[in-house]
Structure formats: structure tokens, C-alpha cells
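As provided, input37.cif (mmCIF, C-alpha atoms) reads as follows.
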```
data_entry
#
loop_
_atom_site.label_atom_id
_atom_site.label_comp_id
_atom_site.auth_asym_id
_atom_site.auth_seq_id
_atom_site.Cartn_x
_atom_site.Cartn_y
_atom_site.Cartn_z
CA MET A 1 46.29 -12.25 -105.10
CA LYS A 2 48.98 -10.59 -107.19
CA ARG A 3 48.00 -8.95 -110.49
CA GLY A 4 49.90 -7.57 -113.46
CA ASN A 5 48.46 -5.71 -116.44
CA PHE A 6 49.23 -5.87 -120.11
CA SER A 7 49.36 -2.60 -121.98
CA PRO A 8 46.22 -1.47 -123.88
CA ALA A 9 47.77 -2.77 -127.09
CA GLY A 10 48.21 -6.17 -125.49
CA GLN A 11 51.99 -5.93 -125.30
CA THR A 12 54.34 -5.96 -122.32
CA THR A 13 57.63 -4.19 -121.82
CA ASP A 14 60.91 -6.07 -122.07
CA ALA A 15 61.08 -6.09 -118.27
CA ALA A 16 57.63 -7.64 -117.83
CA PRO A 17 57.63 -11.27 -116.61
CA TYR A 18 55.00 -12.51 -119.09
CA ARG A 19 54.04 -12.08 -122.73
CA ARG A 20 50.51 -12.44 -123.98
CA GLY A 21 51.50 -15.23 -126.39
CA ASN A 22 48.56 -16.15 -128.60
CA PHE A 23 46.03 -14.66 -126.17
CA SER A 24 45.37 -11.59 -128.29
CA TRP A 25 43.00 -10.00 -125.78
CA ALA A 26 45.13 -10.62 -122.71
CA TYR A 27 44.30 -7.96 -120.12
CA GLU A 28 46.14 -9.09 -117.00
CA TRP A 29 47.86 -12.02 -115.32
CA LEU A 30 47.18 -13.34 -111.84
CA GLU A 31 49.53 -15.00 -109.37
CA ASP A 32 49.46 -16.11 -105.72
CA PHE A 33 45.72 -16.77 -105.72
CA SER A 34 43.99 -19.11 -103.30
CA GLY A 35 41.98 -20.95 -105.94
CA LEU A 36 39.12 -20.73 -108.40
CA ASP A 37 36.74 -19.15 -105.91
CA GLU A 38 38.99 -16.12 -105.57
CA ILE A 39 39.50 -15.91 -109.33
CA LEU A 40 35.75 -16.09 -109.99
CA VAL A 41 35.10 -13.28 -107.51
CA HIS A 42 37.69 -11.24 -109.37
CA LEU A 43 36.20 -12.02 -112.79
CA ASN A 44 32.75 -11.04 -111.52
CA HIS A 45 34.16 -7.75 -110.25
CA LEU A 46 35.76 -7.03 -113.62
CA ALA A 47 32.49 -7.81 -115.42
CA ALA A 48 30.48 -5.60 -113.07
CA THR A 49 32.79 -2.64 -113.57
CA ASN A 50 32.94 -3.05 -117.35
CA PRO A 51 29.76 -4.73 -118.65
CA ASP A 52 30.69 -4.07 -122.29
CA HIS A 53 33.30 -6.83 -122.12
CA ARG A 54 33.51 -10.47 -121.11
CA TYR A 55 36.37 -11.94 -119.07
CA LEU A 56 37.85 -15.37 -119.76
CA CYS A 57 40.61 -16.95 -117.69
CA THR A 58 43.09 -19.67 -118.53
CA LEU A 59 43.17 -22.96 -116.65
CA ASP A 60 45.66 -25.82 -117.06
CA ASP A 61 49.06 -25.46 -118.75
CA VAL A 62 49.06 -21.86 -119.95
CA SER A 63 52.02 -22.33 -122.31
CA GLN A 64 50.51 -25.34 -124.08
CA CYS A 65 47.13 -23.61 -124.16
CA SER A 66 48.70 -20.60 -125.90
CA TYR A 67 50.45 -22.88 -128.40
CA THR A 68 47.33 -24.80 -129.36
CA CYS A 69 45.28 -21.60 -129.36
CA GLY A 70 47.56 -20.14 -132.01
CA HIS A 71 47.24 -23.20 -134.22
CA ALA A 72 43.49 -23.62 -133.65
CA GLY A 73 43.01 -20.03 -134.79
CA GLN A 74 44.46 -20.99 -138.17
CA ASP A 75 41.51 -23.27 -138.86
CA ASP A 76 40.18 -22.32 -142.31
CA ARG A 77 36.78 -21.64 -140.74
CA LEU A 78 38.29 -19.12 -138.32
CA TYR A 79 41.35 -17.61 -139.96
CA LEU A 80 41.31 -14.13 -141.46
CA ASP A 81 44.19 -13.18 -143.74
CA SER A 82 46.07 -10.05 -142.74
CA PRO A 83 46.32 -7.21 -145.29
CA ASP A 84 49.17 -7.46 -147.79
CA ASP A 85 50.57 -4.13 -146.60
CA MET A 86 50.33 -5.05 -142.91
CA ASP A 87 53.09 -3.50 -140.79
CA TRP A 88 53.53 -5.86 -137.84
CA ASP A 89 55.78 -3.33 -136.11
CA ASP A 90 52.88 -0.88 -135.90
CA PRO A 91 50.83 -1.68 -132.75
CA GLU A 92 47.80 0.19 -134.07
CA GLN A 93 47.72 -1.83 -137.29
CA GLU A 94 48.23 -5.06 -135.40
CA ARG A 95 45.39 -4.27 -133.00
CA ALA A 96 43.07 -3.30 -135.87
CA TRP A 97 43.76 -6.66 -137.52
CA GLU A 98 43.16 -8.50 -134.24
CA GLN A 99 39.84 -6.70 -133.87
CA ALA A 100 38.85 -7.66 -137.42
CA SER A 101 39.99 -11.24 -136.80
CA LEU A 102 37.91 -11.47 -133.64
CA GLN A 103 34.83 -10.13 -135.40
CA HIS A 104 35.33 -12.73 -138.14
CA ARG A 105 35.53 -15.54 -135.59
CA LEU A 106 32.47 -14.27 -133.76
CA ALA A 107 30.53 -14.25 -137.02
CA GLN A 108 31.71 -17.77 -137.86
CA LEU A 109 30.57 -19.15 -134.51
CA ASN A 110 27.08 -17.96 -135.43
CA ASN A 111 27.32 -19.14 -139.03
CA PRO A 112 24.88 -22.06 -139.46
CA GLU A 113 26.97 -23.45 -142.32
CA VAL A 114 29.85 -24.31 -139.98
CA ALA A 115 28.27 -24.33 -136.51
CA GLN A 116 27.95 -27.64 -134.68
CA SER A 117 25.09 -28.91 -132.53
CA TRP A 118 25.23 -30.85 -129.25
CA GLU A 119 23.87 -33.94 -131.00
CA GLN A 120 26.59 -33.76 -133.61
CA VAL A 121 29.29 -33.59 -130.93
CA CYS A 122 28.03 -36.43 -128.71
CA GLY A 123 30.26 -39.50 -129.00
CA THR A 124 32.90 -37.89 -131.22
CA LEU A 125 35.71 -37.82 -128.64
CA SER A 126 37.65 -41.05 -128.17
CA THR A 127 37.16 -41.86 -124.48
CA SER A 128 37.60 -44.75 -122.07
CA ALA A 129 36.52 -45.61 -118.54
CA THR A 130 39.65 -43.83 -117.28
CA ASP A 131 38.30 -40.58 -118.67
CA VAL A 132 35.24 -40.88 -116.43
CA LYS A 133 37.68 -41.14 -113.53
CA ALA A 134 39.39 -38.02 -114.88
CA LEU A 135 36.10 -36.12 -114.93
CA LEU A 136 35.49 -37.12 -111.33
CA GLN A 137 38.96 -36.09 -110.23
CA ALA A 138 38.80 -32.75 -112.04
CA ASN A 139 35.46 -31.92 -110.46
CA ARG A 140 36.52 -33.07 -107.01
CA GLU A 141 39.62 -30.87 -107.15
CA PRO A 142 38.98 -28.11 -109.70
CA ASP A 143 41.70 -25.90 -108.20
CA ALA A 144 44.24 -28.50 -109.33
CA LEU A 145 43.49 -27.51 -112.93
CA LEU A 146 44.95 -24.03 -112.38
CA ASP A 147 48.46 -23.23 -113.55
CA GLU A 148 50.71 -21.11 -111.31
CA VAL A 149 49.85 -18.12 -113.50
CA VAL A 150 46.41 -17.34 -114.88
CA PHE A 151 45.87 -15.03 -117.85
CA VAL A 152 42.64 -13.06 -118.08
CA GLN A 153 41.35 -11.94 -121.45
CA ARG A 154 39.10 -8.88 -121.75
CA ILE A 155 36.91 -9.60 -124.76
CA PRO A 156 34.47 -7.32 -126.60
CA ALA A 157 31.83 -10.03 -127.12
CA SER A 158 28.07 -9.99 -126.62
CA GLY A 159 27.82 -13.30 -124.75
CA ASP A 160 29.90 -15.55 -122.51
CA ASP A 161 29.62 -18.45 -124.96
CA LEU A 162 31.33 -16.33 -127.62
CA MET A 163 34.49 -15.80 -125.55
CA ILE A 164 35.96 -18.90 -127.17
CA ALA A 165 36.41 -16.77 -130.30
CA ALA A 166 39.26 -15.01 -128.49
CA GLN A 167 40.81 -18.27 -127.32
CA PRO A 168 40.01 -20.92 -129.93
CA ASN A 169 41.25 -24.32 -128.93
CA GLY A 170 41.02 -27.96 -129.84
CA TYR A 171 43.90 -28.03 -132.29
CA PHE A 172 44.79 -31.72 -132.51
CA SER A 173 42.63 -33.80 -134.82
CA ALA A 174 41.47 -36.19 -132.07
CA ASP A 175 40.31 -33.33 -129.81
CA TRP A 176 37.06 -31.41 -129.98
CA ASP A 177 37.63 -28.34 -132.10
CA THR A 178 36.47 -24.77 -131.49
CA PHE A 179 33.05 -25.28 -133.06
CA GLN A 180 32.42 -28.49 -131.15
CA ASN A 181 33.50 -26.83 -127.91
CA HIS A 182 31.24 -23.90 -128.67
CA ALA A 183 28.30 -26.27 -129.13
CA ILE A 184 29.00 -27.71 -125.67
CA ILE A 185 29.34 -24.27 -124.10
CA ARG A 186 26.08 -23.10 -125.67
CA HIS A 187 24.18 -26.25 -124.68
CA LEU A 188 25.28 -26.05 -121.05
CA ALA A 189 24.23 -22.40 -120.91
CA THR A 190 20.82 -22.74 -122.54
CA GLN A 191 19.80 -26.05 -120.98
CA TYR A 192 21.35 -25.80 -117.52
CA GLY A 193 22.43 -22.21 -116.88
CA TYR A 194 26.15 -22.97 -116.66
CA ARG A 195 28.34 -20.02 -117.66
CA PHE A 196 31.63 -20.58 -119.48
CA PHE A 197 34.46 -18.82 -117.64
CA GLY A 198 37.75 -20.62 -118.28
CA MET A 199 39.74 -22.67 -120.77
CA GLY A 200 43.04 -24.46 -120.53
CA ALA A 201 45.06 -26.80 -122.70
CA SER A 202 42.77 -29.75 -121.89
CA TRP A 203 39.88 -28.49 -119.75
CA MET A 204 37.01 -26.01 -119.84
CA GLY A 205 35.45 -24.41 -116.75
CA PHE A 206 31.80 -23.57 -116.11
CA VAL A 207 30.02 -22.03 -113.14
CA HIS A 208 26.36 -22.15 -112.07
CA PRO A 209 24.63 -19.48 -109.96
CA GLU A 210 24.03 -22.14 -107.30
CA PRO A 211 24.58 -25.90 -107.00
CA PRO A 212 22.08 -27.83 -109.16
CA ASN A 213 19.34 -29.76 -107.41
CA ALA A 214 19.00 -33.54 -107.70
CA ASP A 215 16.82 -33.43 -110.81
CA GLN A 216 19.04 -30.91 -112.59
CA ALA A 217 22.18 -32.90 -111.73
CA ALA A 218 20.58 -36.12 -112.97
CA ARG A 219 19.64 -34.57 -116.31
CA LEU A 220 23.05 -32.97 -116.68
CA VAL A 221 24.96 -36.17 -116.00
CA ALA A 222 22.71 -38.10 -118.39
CA ASP A 223 23.66 -35.57 -121.05
CA LEU A 224 27.36 -35.87 -120.17
CA GLN A 225 27.14 -39.64 -120.44
CA GLN A 226 25.95 -39.24 -124.02
CA LEU A 227 28.52 -36.53 -124.73
CA TYR A 228 31.46 -38.67 -123.66
CA GLY A 229 30.12 -42.19 -123.95
CA ARG A 230 27.76 -42.51 -126.90
CA GLY A 231 28.71 -45.70 -128.71
CA ARG A 232 31.03 -46.86 -125.88
CA SER A 233 29.28 -49.21 -123.49
CA GLU A 234 32.11 -49.28 -120.94
CA VAL A 235 31.95 -45.50 -120.64
CA LEU A 236 28.16 -45.29 -120.49
CA ALA A 237 27.96 -47.97 -117.79
CA HIS A 238 30.76 -46.63 -115.60
CA ALA A 239 29.82 -46.33 -111.91
CA GLY A 240 31.57 -42.96 -111.73
CA TRP A 241 28.62 -41.17 -113.34
CA ALA A 242 26.47 -41.72 -110.24
CA GLU A 243 29.27 -40.35 -108.09
CA LEU A 244 29.61 -37.31 -110.36
CA GLN A 245 25.87 -36.67 -110.07
CA GLN A 246 26.15 -36.55 -106.28
CA LEU A 247 29.29 -34.43 -106.40
CA LEU A 248 27.80 -31.75 -108.65
CA GLN A 249 24.86 -31.22 -106.29
CA GLY A 250 27.28 -29.79 -103.74
CA GLN A 251 29.12 -27.29 -105.92
CA ARG A 252 28.69 -24.55 -108.51
CA LEU A 253 31.66 -25.53 -110.67
CA LEU A 254 31.73 -27.95 -113.60
CA MET A 255 35.00 -28.90 -115.31
CA LEU A 256 34.95 -30.72 -118.65
CA GLY A 257 37.84 -32.11 -120.66
CA TYR A 258 37.91 -31.61 -124.41
CA VAL A 259 41.02 -33.53 -125.48
CA GLU A 260 41.67 -37.17 -126.28
CA ASN A 261 44.22 -37.51 -123.48
CA MET A 262 42.35 -35.71 -120.68
CA ALA A 263 43.09 -38.58 -118.25
CA GLU A 264 46.79 -38.27 -119.06
CA SER A 265 46.61 -34.54 -118.37
CA LEU A 266 45.77 -35.44 -114.75
CA GLY A 267 48.40 -38.15 -114.52
CA LEU A 268 45.92 -41.03 -114.51
CA ASP A 269 46.89 -44.42 -115.88
CA GLY A 270 44.78 -46.55 -118.19
CA GLU A 271 43.27 -48.75 -115.52
CA ASP A 272 39.53 -48.56 -114.76
#
```
How would this structure read if it were set down as C-alpha cells?
Amino acid sequence: MKRGNFSPAGQTTDAAPYRRGNFSWAYEWLEDFSGLDEILVHLNHLAATNPDHRYLCTLDDVSQCSYTCGHAGQDDRLYLDSPDDMDWDDPEQERAWEQASLQHRLAQLNNPEVAQSWEQVCGTLSTSATDVKALLQANREPDALLDEVVFVQRIPASGDDLMIAAQPNGYFSADWDTFQNHAIIRHLATQYGYRFFGMGASWMGFVHPEPPNADQAARLVADLQQLYGRGRSEVLAHAGWAELQQLLQGQRLLMLGYVENMAESLGLDGED
């Protein structure tokens, strides 16, 4: 695996191949990796050597993910105005503002006045039977959700669920927003032990210490049916849920889409 580092201020030189874009806490980029297993080993190594930080990687479509991240961060519930006398050419001032902005987002994620619950999120994404097929495909082939380049953010946060503060996403009105995604991340962690590790333009990635047993997988899939299918009989009754339940028992990874067009993001048509 090939690695490249951003400078401590998050910037790259003119000769560097990548810019951090809207990933304010970008620490390094990865190329020529074998797949998610190798990336997860690397993330675990980073976390073990620096336990004061959390490490979040990108998944699908890094450029689009950066674009929507920038806009999602302007949500009134997340945005922090910069000082009137801000000098954007001063890296120290810019980094101080980014630190303050991150702390504001972290506080907002824990603010009960704007936080969402799992029950509030269930059924709020417009889905169809094709999206169940998309969930199956994404979990059968999770490596396919990786872009050619993966950015890793090094985030000073107290919990893995809070890493979304550094990469807010869910910009379009029909998608789940940052607070809805955070409710999902938190629920999967507290109820099932899945740890949030990655986010792309359309998909989120979770990892479990070991594959869930039959009972755990059954409960998880029943929850996912409600998350994606509440109020939609064709989604709730789709045969793919049983297949997903069997699939998850053989792997540690769980990939979940959070956008209205998640089937389109995998190139699936509208047929059941």
C-alpha cells in the first residue's frame, strides 16, 4: 500500500498529487491497497499508536464526498461563523478556526435539541426494492465501494461515532443528513457493537469485532428492515433481507447507504 501525508496544517505543497478538499482533518492518502481488510489493519495500527485520535477513511467517490461534505457542514445546526478579522492566508488562524468549528459540531451532535433518534430516522429515506438489492451487492462486495484513492482523517474526538463531525454528509434534501446518520451510527454501536470507520458520497462503513451470530444477525436485519422499509410494504417484504441475514453471519463488515439514489450509485437499474 502506498501512503502520502498531508502537512500538520492539513495543506499540501504545490507538487503534491492531492489536496485535502473539504476534509479538514485529512492526515494522509492511501493508494495501491488490496482492499478494505488492508485499510482496516492500517487504521487499527494508527489508532493503537495514537489513542488520543480517531481515524476515519473515505469510501466511494472521494471528490463527490468532499463536495457534499463542504455543503453539509454549512447546515445551520453545524456551521460556525469565522471571525470577522479572519486571515485565511494564515495557516495558524485557519487551523484554530477549524478546531473551533469541529468542537462546535461535536457539541451539536450531543445537543438533545437537535439530535435525532433511531426511531425518528426509520422510514425517512425514500427507498424501493432495488435498494435492498443495492444493500446486498454492497455487502457482498464491500471493496467495490472504495475509490482509487482513500483519504484518512485524524480526528481529535472522544468516540468513533463522533467522527462524522469531521466529515458531515447527507447534503441533498432527500438524503439522510448528518444528525440522522449519527443516530444510525450510534444505534449500531450501542445495540450491536458495530464501529463506524468509513464514509463516502453514498455509503457508510462499519466493522464488528467478529461476525455476528445467527441471533444477532436476525435482530440487526430486522432493524435494518425498519430503517429502510418502514411504511413501504414492497421493501419490508423483499426476499433479499433473508439473504442479507445469512451474508452478514460470515463477515465483520456492514455497508449502509444513506442517499436516495444508493442503487444508482452501484449502477443498478430500477427492476426488482
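Under the PyMOL selection byres ((chain A and resi 151) around 9), the matching residues in the shown file are Arg20, Phe23, Ala26, Tyr27, Glu28, Trp29, Leu30, Leu56, Cys57, Thr58, Leu59, Val62, Val149, Val150, Val152 and Gln153 of chain A.
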Using all atoms listed in the file: which of A:Gln93, A:Asn169, A:Gln246, A:Ser233 has the shortest distance to Ala201 (chain A): A:Asn169
Selection dump of the PyMOL selection byres ((chain A and resi 22) around 6), as a PyMOL selection string: chain A and resi 21+23-24+66+70
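Using all atoms listed in the file, the smallest distance between any of A:Glu94, A:Asp76, A:Asp175, A:Glu148 and Thr127 (chain A) comes from A:Asp175.
With all atoms listed in the file as the atoms that count, the residue of A:Leu227, A:Ala165, A:Val259, A:Ala222 with the shortest distance to Cys69 (chain A) is A:Ala165.
In this structure, CA of Arg186 (chain A) sits 5.9 Å away from CA of Asp161 (chain A).
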